[in-house]
file entry03.csv (CSV, C-alpha atoms)
chain,number,residue,atom,x,y,z
A,280,MET,CA,152.8,145.2,76.0
A,281,LYS,CA,152.1,147.1,79.2
A,282,ILE,CA,149.2,146.3,81.5
A,283,VAL,CA,147.8,148.2,84.5
A,284,ILE,CA,145.7,146.6,87.3
A,285,LEU,CA,144.1,149.4,89.2
A,286,GLY,CA,142.8,148.2,92.6
A,287,ALA,CA,145.2,145.3,92.7
A,288,THR,CA,145.1,144.8,96.4
A,289,GLY,CA,141.3,144.5,96.7
A,290,LEU,CA,139.3,141.3,96.7
A,291,VAL,CA,138.6,141.4,93.0
A,292,GLY,CA,142.1,142.8,92.2
A,293,GLN,CA,143.7,139.8,93.9
A,294,GLU,CA,141.5,137.4,91.8
A,295,ILE,CA,142.4,139.3,88.6
A,296,LEU,CA,146.1,138.6,89.4
A,297,LYS,CA,145.4,134.9,89.9
A,298,VAL,CA,143.5,134.7,86.6
A,299,ILE,CA,146.3,136.5,84.7
A,300,GLU,CA,148.8,134.0,86.1
A,301,GLU,CA,146.6,131.0,85.5
A,302,ARG,CA,145.8,132.1,81.9
A,303,LYS,CA,149.5,132.9,81.2
A,304,ILE,CA,148.8,136.4,80.0
A,305,SER,CA,152.0,137.7,78.4
A,306,TYR,CA,153.2,141.3,79.1
A,307,SER,CA,156.4,143.2,79.0
A,308,LYS,CA,155.5,145.2,82.2
A,309,ILE,CA,152.6,145.2,84.6
A,310,TYR,CA,151.7,148.1,86.9
A,311,LEU,CA,149.8,147.2,90.1
A,312,VAL,CA,148.0,150.2,91.4
A,313,GLY,CA,146.7,150.6,94.9
A,314,SER,CA,145.9,153.3,97.4
A,315,LYS,CA,148.6,155.4,99.0
A,316,ASN,CA,148.8,153.1,102.0
A,317,SER,CA,149.8,150.2,99.7
A,318,TRP,CA,152.5,152.0,97.7
A,319,GLY,CA,155.7,150.0,97.7
A,320,LYS,CA,154.0,146.8,98.9
A,321,ALA,CA,155.4,143.8,97.1
A,322,ILE,CA,153.0,141.4,95.4
A,323,ARG,CA,154.2,138.1,94.0
A,324,LEU,CA,153.1,137.5,90.4
A,325,ASN,CA,154.5,135.0,87.9
A,326,GLY,CA,157.4,134.3,90.1
A,327,LYS,CA,158.4,137.9,90.3
A,328,SER,CA,158.0,140.5,93.0
A,329,GLU,CA,155.9,143.5,91.7
A,330,LYS,CA,155.6,146.7,93.8
A,331,VAL,CA,152.3,148.5,94.2
A,332,CYS,CA,152.5,152.0,92.6
A,333,SER,CA,150.4,155.1,92.2
A,334,VAL,CA,147.9,155.7,89.5
A,335,GLU,CA,149.9,158.6,88.2
A,336,GLU,CA,152.9,156.4,87.7
A,337,ALA,CA,150.8,153.9,85.8
A,338,LEU,CA,149.3,156.7,83.6
A,339,HIS,CA,152.7,158.1,82.8
A,340,ALA,CA,153.8,154.7,81.5
A,341,LYS,CA,151.2,154.9,78.7
A,342,PRO,CA,150.0,151.3,79.0
A,343,ASP,CA,148.2,149.4,76.3
A,344,TYR,CA,145.5,148.0,78.6
A,345,ALA,CA,144.2,148.7,82.1
A,346,ILE,CA,141.7,146.7,84.2
A,347,PHE,CA,140.0,148.9,86.8
A,348,SER,CA,138.6,147.5,90.0
A,349,ALA,CA,138.6,150.3,92.5
A,350,GLY,CA,135.0,151.6,92.5
A,351,SER,CA,132.9,154.1,90.5
A,352,THR,CA,134.5,157.3,91.8
A,353,VAL,CA,138.0,156.2,90.8
A,354,SER,CA,136.8,155.0,87.4
A,355,LYS,CA,134.9,158.2,86.6
A,356,GLU,CA,138.1,160.2,87.4
A,357,TRP,CA,140.8,158.1,85.8
A,358,ALA,CA,139.3,155.9,83.0
A,359,PRO,CA,138.9,158.9,80.7
A,360,LYS,CA,142.5,160.0,81.4
A,361,PHE,CA,143.8,156.5,80.4
A,362,ALA,CA,141.5,156.3,77.4
A,363,GLY,CA,142.7,159.7,76.3
A,364,ILE,CA,146.2,158.5,75.9
A,365,GLY,CA,145.1,155.4,73.9
A,366,THR,CA,144.8,152.8,76.7
A,367,ILE,CA,141.9,150.4,76.5
A,368,VAL,CA,140.2,150.4,79.9
A,369,ILE,CA,138.2,147.4,81.1
A,370,ASP,CA,136.2,148.7,84.1
A,371,ASN,CA,134.7,146.5,86.8
A,372,SER,CA,132.7,149.2,88.5
A,373,SER,CA,129.1,150.4,87.7
A,374,ALA,CA,130.4,153.8,86.5
A,375,TRP,CA,130.0,153.2,82.7
A,376,ARG,CA,127.6,150.3,82.4
A,377,THR,CA,124.5,152.2,81.5
A,378,GLU,CA,126.3,154.8,79.3
A,379,PRO,CA,124.8,154.3,75.8
A,380,ASP,CA,128.1,154.6,74.0
A,381,ILE,CA,130.1,152.3,76.3
A,382,PRO,CA,130.0,148.6,75.4
A,383,LEU,CA,128.9,146.3,78.3
A,384,ILE,CA,130.5,143.0,77.6
A,385,ILE,CA,130.2,139.3,78.4
A,386,PRO,CA,132.8,137.8,75.9
A,387,GLU,CA,130.8,134.6,75.2
A,388,ILE,CA,127.7,136.7,74.3
A,389,ASN,CA,128.5,140.1,72.8
A,390,PHE,CA,132.2,140.7,72.3
A,391,ASP,CA,131.6,141.5,68.7
A,392,VAL,CA,129.8,144.8,69.6
A,393,ILE,CA,133.2,146.4,70.6
A,394,ARG,CA,134.4,148.9,68.0
A,395,PRO,CA,137.9,150.1,67.2
A,396,LYS,CA,137.1,153.5,68.8
A,397,ASP,CA,136.0,152.0,72.1
A,398,HIS,CA,138.6,152.7,74.8
A,399,ILE,CA,136.4,152.2,77.8
A,400,ILE,CA,134.7,148.8,78.1
A,401,ALA,CA,132.4,148.0,81.0
A,402,ASN,CA,132.3,144.7,82.9
A,403,PRO,CA,128.7,143.8,83.9
A,404,ASN,CA,127.5,143.3,87.4
A,405,CYS,CA,128.3,139.8,88.8
A,406,SER,CA,124.7,138.7,89.2
A,407,THR,CA,123.9,139.8,85.6
A,408,ILE,CA,126.9,137.9,84.1
A,409,GLN,CA,126.0,134.6,85.6
A,410,MET,CA,122.3,134.9,84.8
A,411,LEU,CA,122.8,135.8,81.2
A,412,MET,CA,125.4,133.1,80.7
A,413,ALA,CA,122.6,130.7,81.3
A,414,LEU,CA,119.8,132.6,79.6
A,415,TYR,CA,121.5,133.8,76.4
A,416,PRO,CA,121.7,130.4,74.7
A,417,ILE,CA,118.0,130.0,75.4
A,418,HIS,CA,117.1,133.5,74.3
A,419,ARG,CA,119.1,133.1,71.0
A,420,GLU,CA,116.8,130.1,70.1
A,421,ASN,CA,113.5,131.0,71.8
A,422,ARG,CA,113.2,134.7,72.7
A,423,ILE,CA,112.7,135.3,76.4
A,424,GLU,CA,109.8,137.6,77.1
A,425,LYS,CA,109.9,137.6,81.0
A,426,ILE,CA,112.4,137.0,83.7
A,427,ILE,CA,111.7,136.7,87.5
A,428,VAL,CA,115.0,136.3,89.5
A,429,SER,CA,115.7,136.0,93.2
A,430,THR,CA,119.4,136.2,94.1
A,431,TYR,CA,121.2,134.7,97.1
A,432,GLN,CA,124.4,136.7,97.1
A,433,SER,CA,127.7,136.1,98.8
A,434,VAL,CA,129.1,138.6,101.3
A,435,THR,CA,132.2,138.7,99.1
A,436,GLY,CA,130.2,140.8,96.7
A,437,SER,CA,130.2,143.6,99.4
A,438,GLY,CA,134.0,143.6,99.9
A,439,GLN,CA,136.4,143.0,102.7
A,440,LYS,CA,134.5,145.0,105.4
A,441,ALA,CA,131.5,142.8,104.9
A,442,MET,CA,133.7,139.7,105.1
A,443,ASN,CA,135.1,141.1,108.4
A,444,GLN,CA,131.6,141.5,109.8
A,445,LEU,CA,130.7,137.9,109.0
A,446,ASP,CA,133.9,136.6,110.4
A,447,GLY,CA,133.6,138.7,113.5
A,448,GLU,CA,130.0,137.6,114.1
A,449,ARG,CA,131.0,133.9,113.6
A,450,LYS,CA,134.0,134.1,115.9
A,451,GLY,CA,132.6,136.6,118.5
A,452,THR,CA,135.6,139.0,117.8
A,453,PRO,CA,135.4,142.8,117.3
A,454,TYR,CA,134.5,144.1,113.9
A,455,GLN,CA,133.3,147.3,112.2
A,456,LYS,CA,129.7,147.0,111.2
A,457,PHE,CA,129.1,147.1,107.5
A,458,TYR,CA,125.5,145.8,107.1
A,459,PRO,CA,122.6,147.4,108.9
A,460,HIS,CA,121.8,144.1,110.5
A,461,PRO,CA,123.6,140.9,111.5
A,462,ILE,CA,124.5,138.7,108.5
A,463,GLU,CA,125.5,135.4,110.3
A,464,ASN,CA,122.4,133.2,110.7
A,465,ASN,CA,120.4,135.8,108.7
A,466,THR,CA,119.4,136.8,105.2
A,467,LEU,CA,119.1,140.5,104.1
A,468,PRO,CA,116.7,141.4,101.3
A,469,HIS,CA,119.0,144.4,100.8
A,470,CYS,CA,121.8,144.5,98.2
A,471,ASP,CA,123.1,148.0,97.5
A,472,ASP,CA,120.9,151.1,98.2
A,473,PHE,CA,117.2,151.4,97.9
A,474,LEU,CA,115.8,153.6,95.1
A,475,ASP,CA,112.6,155.6,94.9
A,476,ASN,CA,110.8,152.7,93.3
A,477,ASN,CA,111.6,150.5,96.3
A,478,PHE,CA,113.9,148.3,94.3
A,479,THR,CA,117.6,148.3,95.1
A,480,LYS,CA,120.4,149.4,92.8
A,481,GLU,CA,121.5,145.8,92.5
A,482,GLU,CA,118.0,144.7,91.4
A,483,MET,CA,117.8,147.5,88.8
A,484,LYS,CA,121.2,146.5,87.5
A,485,LEU,CA,119.8,143.2,86.5
A,486,VAL,CA,117.0,144.9,84.6
A,487,HIS,CA,119.1,147.6,82.8
A,488,GLU,CA,122.1,145.5,82.1
A,489,THR,CA,120.1,142.6,80.7
A,490,HIS,CA,118.3,144.9,78.3
A,491,LYS,CA,121.5,146.4,77.1
A,492,ILE,CA,123.5,143.2,76.7
A,493,LEU,CA,120.7,141.3,75.0
A,494,ASN,CA,119.7,144.5,73.0
A,495,ASP,CA,116.1,144.0,73.9
A,496,ASN,CA,114.3,146.5,76.1
A,497,ASN,CA,111.0,144.7,75.8
A,498,ILE,CA,112.0,141.8,78.1
A,499,LYS,CA,110.0,142.1,81.4
A,500,ILE,CA,112.3,141.7,84.3
A,501,THR,CA,111.7,141.8,88.1
A,502,ALA,CA,114.4,141.0,90.7
A,503,THR,CA,114.8,140.5,94.4
A,504,ALA,CA,118.4,140.6,95.6
A,505,VAL,CA,119.2,138.9,98.9
A,506,ARG,CA,122.5,138.8,100.8
A,507,VAL,CA,123.3,135.5,102.5
A,508,PRO,CA,126.1,134.4,104.9
A,509,VAL,CA,128.1,132.6,102.2
A,510,SER,CA,131.5,133.3,100.8
A,511,GLY,CA,131.7,130.9,97.8
A,512,GLY,CA,129.6,132.7,95.2
A,513,HIS,CA,126.2,133.9,94.2
A,514,SER,CA,123.1,131.7,93.6
A,515,GLU,CA,120.0,132.7,91.6
A,516,SER,CA,116.6,131.2,91.2
A,517,VAL,CA,115.4,132.2,87.8
A,518,TYR,CA,112.0,131.8,86.2
A,519,ILE,CA,111.6,132.7,82.5
A,520,GLU,CA,108.8,132.8,80.0
A,521,THR,CA,109.6,132.4,76.3
A,522,GLU,CA,108.0,133.3,73.0
A,523,ASN,CA,107.4,129.6,72.0
A,524,GLN,CA,106.8,126.4,73.9
A,525,ILE,CA,109.7,125.0,75.9
A,526,ASN,CA,111.4,121.8,75.0
A,527,THR,CA,113.4,120.9,78.1
A,528,PRO,CA,115.7,118.3,76.7
A,529,TYR,CA,116.6,120.7,73.9
A,530,ILE,CA,117.2,123.5,76.4
A,531,LYS,CA,119.6,121.3,78.4
A,532,GLN,CA,121.5,120.4,75.2
A,533,LEU,CA,121.8,124.1,74.4
A,534,LEU,CA,123.2,124.8,77.8
A,535,GLU,CA,125.6,121.9,77.8
A,536,ASN,CA,127.1,123.1,74.5
A,537,PHE,CA,127.6,126.7,75.5
A,538,GLU,CA,131.1,127.9,76.3
A,539,GLY,CA,131.7,128.7,80.0
A,540,LEU,CA,128.6,126.9,81.2
A,541,LYS,CA,128.5,123.6,83.1
A,542,VAL,CA,125.2,121.7,83.6
A,543,LEU,CA,124.8,120.0,87.0
A,544,ASP,CA,121.3,118.6,87.0
A,545,ASN,CA,120.7,115.2,88.4
A,546,PRO,CA,118.3,115.5,91.4
A,547,SER,CA,118.2,111.8,92.0
A,548,GLN,CA,121.9,111.9,92.8
A,549,ASN,CA,121.7,115.2,94.7
A,550,LEU,CA,123.6,116.9,91.9
A,551,TYR,CA,122.9,120.6,91.6
A,552,PRO,CA,125.0,123.8,91.6
A,553,MET,CA,126.2,125.2,95.0
A,554,PRO,CA,128.5,128.0,95.9
A,555,PHE,CA,130.5,125.6,98.0
A,556,PHE,CA,131.7,123.9,94.8
A,557,ALA,CA,131.7,127.0,92.6
A,558,LYS,CA,134.3,128.8,94.7
A,559,GLY,CA,137.5,129.4,92.8
A,560,LYS,CA,136.1,128.2,89.5
A,561,ASP,CA,135.5,130.1,86.3
A,562,GLU,CA,132.5,128.3,85.0
A,563,VAL,CA,128.8,129.3,85.5
A,564,PHE,CA,126.9,126.3,86.9
A,565,VAL,CA,123.2,125.6,86.1
A,566,GLY,CA,120.8,123.0,87.3
A,567,ARG,CA,117.3,122.3,88.6
A,568,ILE,CA,116.2,122.8,85.0
A,569,ARG,CA,112.5,122.1,84.9
A,570,LYS,CA,109.5,123.2,82.9
A,571,ASP,CA,106.9,125.2,84.8
A,572,LEU,CA,103.8,123.2,86.0
A,573,PHE,CA,101.3,125.6,84.6
A,574,ASN,CA,102.8,127.4,81.6
A,575,GLU,CA,104.2,125.5,78.6
A,576,LYS,CA,106.3,128.5,77.7
A,577,ALA,CA,108.0,128.8,81.1
A,578,LEU,CA,111.1,127.3,82.7
A,579,ASN,CA,112.8,127.3,86.1
A,580,LEU,CA,116.6,127.3,86.6
A,581,TRP,CA,119.1,127.5,89.4
A,582,ILE,CA,122.3,129.3,88.5
A,583,VAL,CA,125.5,129.5,90.6
A,584,ALA,CA,128.9,131.2,90.0
A,585,ASP,CA,131.9,132.5,92.0
A,586,ASN,CA,131.1,136.2,91.9
A,587,LEU,CA,134.8,137.2,92.3
A,588,ARG,CA,135.8,135.0,89.3
A,589,LYS,CA,133.4,134.9,86.3
A,590,GLY,CA,131.3,137.6,88.0
A,591,ALA,CA,134.2,140.0,87.9
A,592,ALA,CA,137.9,139.0,87.5
A,593,THR,CA,137.6,136.2,85.0
A,594,ASN,CA,135.2,138.1,82.8
A,595,ALA,CA,137.5,141.1,82.7
A,596,VAL,CA,140.6,139.0,81.9
A,597,GLN,CA,138.6,137.2,79.2
A,598,ILE,CA,137.8,140.6,77.6
A,599,LEU,CA,141.6,141.4,77.8
A,600,GLN,CA,142.5,138.1,76.2
A,601,ARG,CA,140.2,138.6,73.2
A,602,LEU,CA,141.3,142.2,72.8
A,603,ILE,CA,144.9,141.2,72.6
A,604,VAL,CA,144.1,138.7,69.9
A,605,ALA,CA,141.9,141.1,68.0
A,606,ASN,CA,144.4,143.9,68.1
A,607,LYS,CA,147.4,141.9,66.9

call {"tool": "encode", "arguments": {"input": "entry03.csv", "output": "C-alpha cells"}}
result
Amino acid sequence: MKIVILGATGLVGQEILKVIEERKISYSKIYLVGSKNSWGKAIRLNGKSEKVCSVEEALHAKPDYAIFSAGSTVSKEWAPKFAGIGTIVIDNSSAWRTEPDIPLIIPEINFDVIRPKDHIIANPNCSTIQMLMALYPIHRENRIEKIIVSTYQSVTGSGQKAMNQLDGERKGTPYQKFYPHPIENNTLPHCDDFLDNNFTKEEMKLVHETHKILNDNNIKITATAVRVPVSGGHSESVYIETENQINTPYIKQLLENFEGLKVLDNPSQNLYPMPFFAKGKDEVFVGRIRKDLFNEKALNLWIVADNLRKGAATNAVQILQRLIVANK
C-alpha cells in the first residue's frame, strides 16, 4: 500500500506523520511531498529516513491514498489528478468542504456516508470538528434547533507565520507581521477574511459544515470566532437549544459514552477543559455542562481540543484507517 502526505513539512503535515507513527499505520511506501525548497530534505519516520519529493513524483507512483494539507489552491489543482488515477484523497483544506457531492467526514459521526465512488473526501474545519464531536451525541437523542458559539482559537490555526509573530512579540525579536494587530496580550475577533454579511469565513464554516455533516439545514447557527495568544488548542463556548427538555445527567452520560470525547466537569475541583492540557492529545474535551437558567430546552458547554490533532491531523488519519479496513 502506497500513501502520500502532501504538505508533509507544514504544521499539520508534521502532526499527520506523528499520528501515522503513533497509530502504526502500515504501508509499503510513503511519499512525503513538500514545496521545491524542501525537496531532498530528510524526515525521520518509523525509524527510517524519508526524503521529501515533488508532487509529480508522488502522482507518478499511483498511490492508494493521499492526505493533502497544503491549502485550497494546491488541493483544487492536484486532488482531481490523484483521484483520476484511482487514489483516494483526504483533503484538509476548505477546497471541497461545501461541494454537494464531496463527503465531509468526522469518522465517529458520519463515516457511513462515504460511497465506493468517492475519491475525494473532505476533512472539516478544526472548530467544526470539535464542536460537533460534543453536540452530535446530544443531537442524535434530542434534536438541536439552535447553536450560538464563540470560539477562542489558537494561533497554530493560522500556521507558522502566525506562530512566528506571537513568538517575536513575546521575545521582542524581529518577525514578519501576519495579523493586522498584535496578538500577544490581545484577542482578535477576526479569524479568516470578512465577508459581505460581516461574518468571517471561519464563522460561516461553522454554519455550513454543521448543516452538511448533521444533514440538517434548519439548525439556526450563529458564531463569533476569536483568535487568542494560545498555542495548545481551540476552545469554544457553546449554547444550544433542543427540541425537547434537557436532562443534564442524561446528557453527561451520552457524552461520557461517546467515542473520542472526554468529559472534564467538576467545578468544585477546578476541573474543566483547557488548551494547556489538550495539547498533543487526540480527544475532544467537554466540561462546564450546565442547563440554561431561563430555558428548560437549553444547555451551555465548554469544548476544547488540539486543533492540529483531532481538528486536522488525527481526523484525517482516522478516515484513512477506516478506509483501509473498509477496502480490504

call {"tool": "residues_around", "arguments": {"input": "entry03.csv", "residues": "Leu414 of chain A", "least_positions_apart": "6", "cutoff": "9 Å", "atoms": "all atoms listed in the file", "output": "VMD selection string"}}
result
chain A and resid 423 519 534

call {"tool": "residues_around", "arguments": {"input": "entry03.csv", "residues": "Arg394 of chain A", "least_positions_apart": "5", "cutoff": "12 Å", "atoms": "all atoms listed in the file", "output": "ChimeraX atom specification"}}
result
/A:367,380-384,389,399-400,602,605-606

call {"tool": "write_last_selection", "arguments": {"input": "entry03.csv", "atoms": "C-alpha atoms", "output": "JSON list (two decimals), in the frame of the given file"}}
result
[["chain", "number", "residue", "atom", "x", "y", "z"],
["A", 367, "ILE", "CA", 141.90, 150.40, 76.50],
["A", 380, "ASP", "CA", 128.10, 154.60, 74.00],
["A", 381, "ILE", "CA", 130.10, 152.30, 76.30],
["A", 382, "PRO", "CA", 130.00, 148.60, 75.40],
["A", 383, "LEU", "CA", 128.90, 146.30, 78.30],
["A", 384, "ILE", "CA", 130.50, 143.00, 77.60],
["A", 389, "ASN", "CA", 128.50, 140.10, 72.80],
["A", 399, "ILE", "CA", 136.40, 152.20, 77.80],
["A", 400, "ILE", "CA", 134.70, 148.80, 78.10],
["A", 602, "LEU", "CA", 141.30, 142.20, 72.80],
["A", 605, "ALA", "CA", 141.90, 141.10, 68.00],
["A", 606, "ASN", "CA", 144.40, 143.90, 68.10]]

call {"tool": "atom_distance", "arguments": {"input": "entry03.csv", "atom1": "atom CA of Asp585 of chain A", "atom2": "atom CA of Asn536 of chain A"}}
result
20.4 Å

call {"tool": "closest_residue", "arguments": {"input": "entry03.csv", "among": "A:Phe573, A:Phe390, A:Tyr518, A:Trp581", "to": "Asp544 of chain A", "atoms": "all atoms listed in the file"}}
result
A:Trp581

call {"tool": "closest_residue", "arguments": {"input": "entry03.csv", "among": "A:Gly350, A:Pro453, A:Gly559, A:Gly292", "to": "Ile322 of chain A", "atoms": "only C-alpha atoms"}}
result
A:Gly292

call {"tool": "closest_residue", "arguments": {"input": "entry03.csv", "among": "A:Thr489, A:Asn523, A:Gln409, A:Gln532", "to": "Phe564 of chain A", "atoms": "all atoms listed in the file"}}
result
A:Gln409

call {"tool": "atom_distance", "arguments": {"input": "entry03.csv", "atom1": "atom CA of Leu290 of chain A", "atom2": "atom CA of Val331 of chain A"}}
result
15.1 Å

call {"tool": "residues_around", "arguments": {"input": "entry03.csv", "residues": "Tyr431 of chain A", "least_positions_apart": "3", "cutoff": "7 Å", "atoms": "all atoms listed in the file", "output": "PyMOL selection string"}}
result
chain A and resi 504-507+513-515

call {"tool": "closest_residue", "arguments": {"input": "entry03.csv", "among": "A:Pro395, A:Gly590, A:Pro508, A:Gly286", "to": "Pro461 of chain A", "atoms": "all atoms listed in the file"}}
result
A:Pro508

call {"tool": "atom_distance", "arguments": {"input": "entry03.csv", "atom1": "atom CA of Lys484 of chain A", "atom2": "atom CA of Ser516 of chain A"}}
result
16.4 Å

call {"tool": "residues_around", "arguments": {"input": "entry03.csv", "residues": "segment 473-477 of chain A", "least_positions_apart": "3", "cutoff": "12 Å", "atoms": "all atoms listed in the file", "output": "tab-separated table (two decimals) with C-alpha atoms, keeping the file's coordinate frame"}}
result
chain	number	residue	atom	x	y	z
A	468	PRO	CA	116.70	141.40	101.30
A	469	HIS	CA	119.00	144.40	100.80
A	470	CYS	CA	121.80	144.50	98.20
A	480	LYS	CA	120.40	149.40	92.80
A	481	GLU	CA	121.50	145.80	92.50
A	482	GLU	CA	118.00	144.70	91.40
A	483	MET	CA	117.80	147.50	88.80
A	484	LYS	CA	121.20	146.50	87.50
A	501	THR	CA	111.70	141.80	88.10
A	502	ALA	CA	114.40	141.00	90.70
A	503	THR	CA	114.80	140.50	94.40
A	504	ALA	CA	118.40	140.60	95.60

call {"tool": "closest_residue", "arguments": {"input": "entry03.csv", "among": "A:Arg376, A:Arg323, A:Lys607, A:Lys558", "to": "His487 of chain A", "atoms": "all atoms listed in the file"}}
result
A:Arg376

call {"tool": "residues_around", "arguments": {"input": "entry03.csv", "residues": "Ser372 of chain A", "least_positions_apart": "2", "cutoff": "10 Å", "atoms": "all atoms listed in the file", "output": "count of residues only"}}
result
19
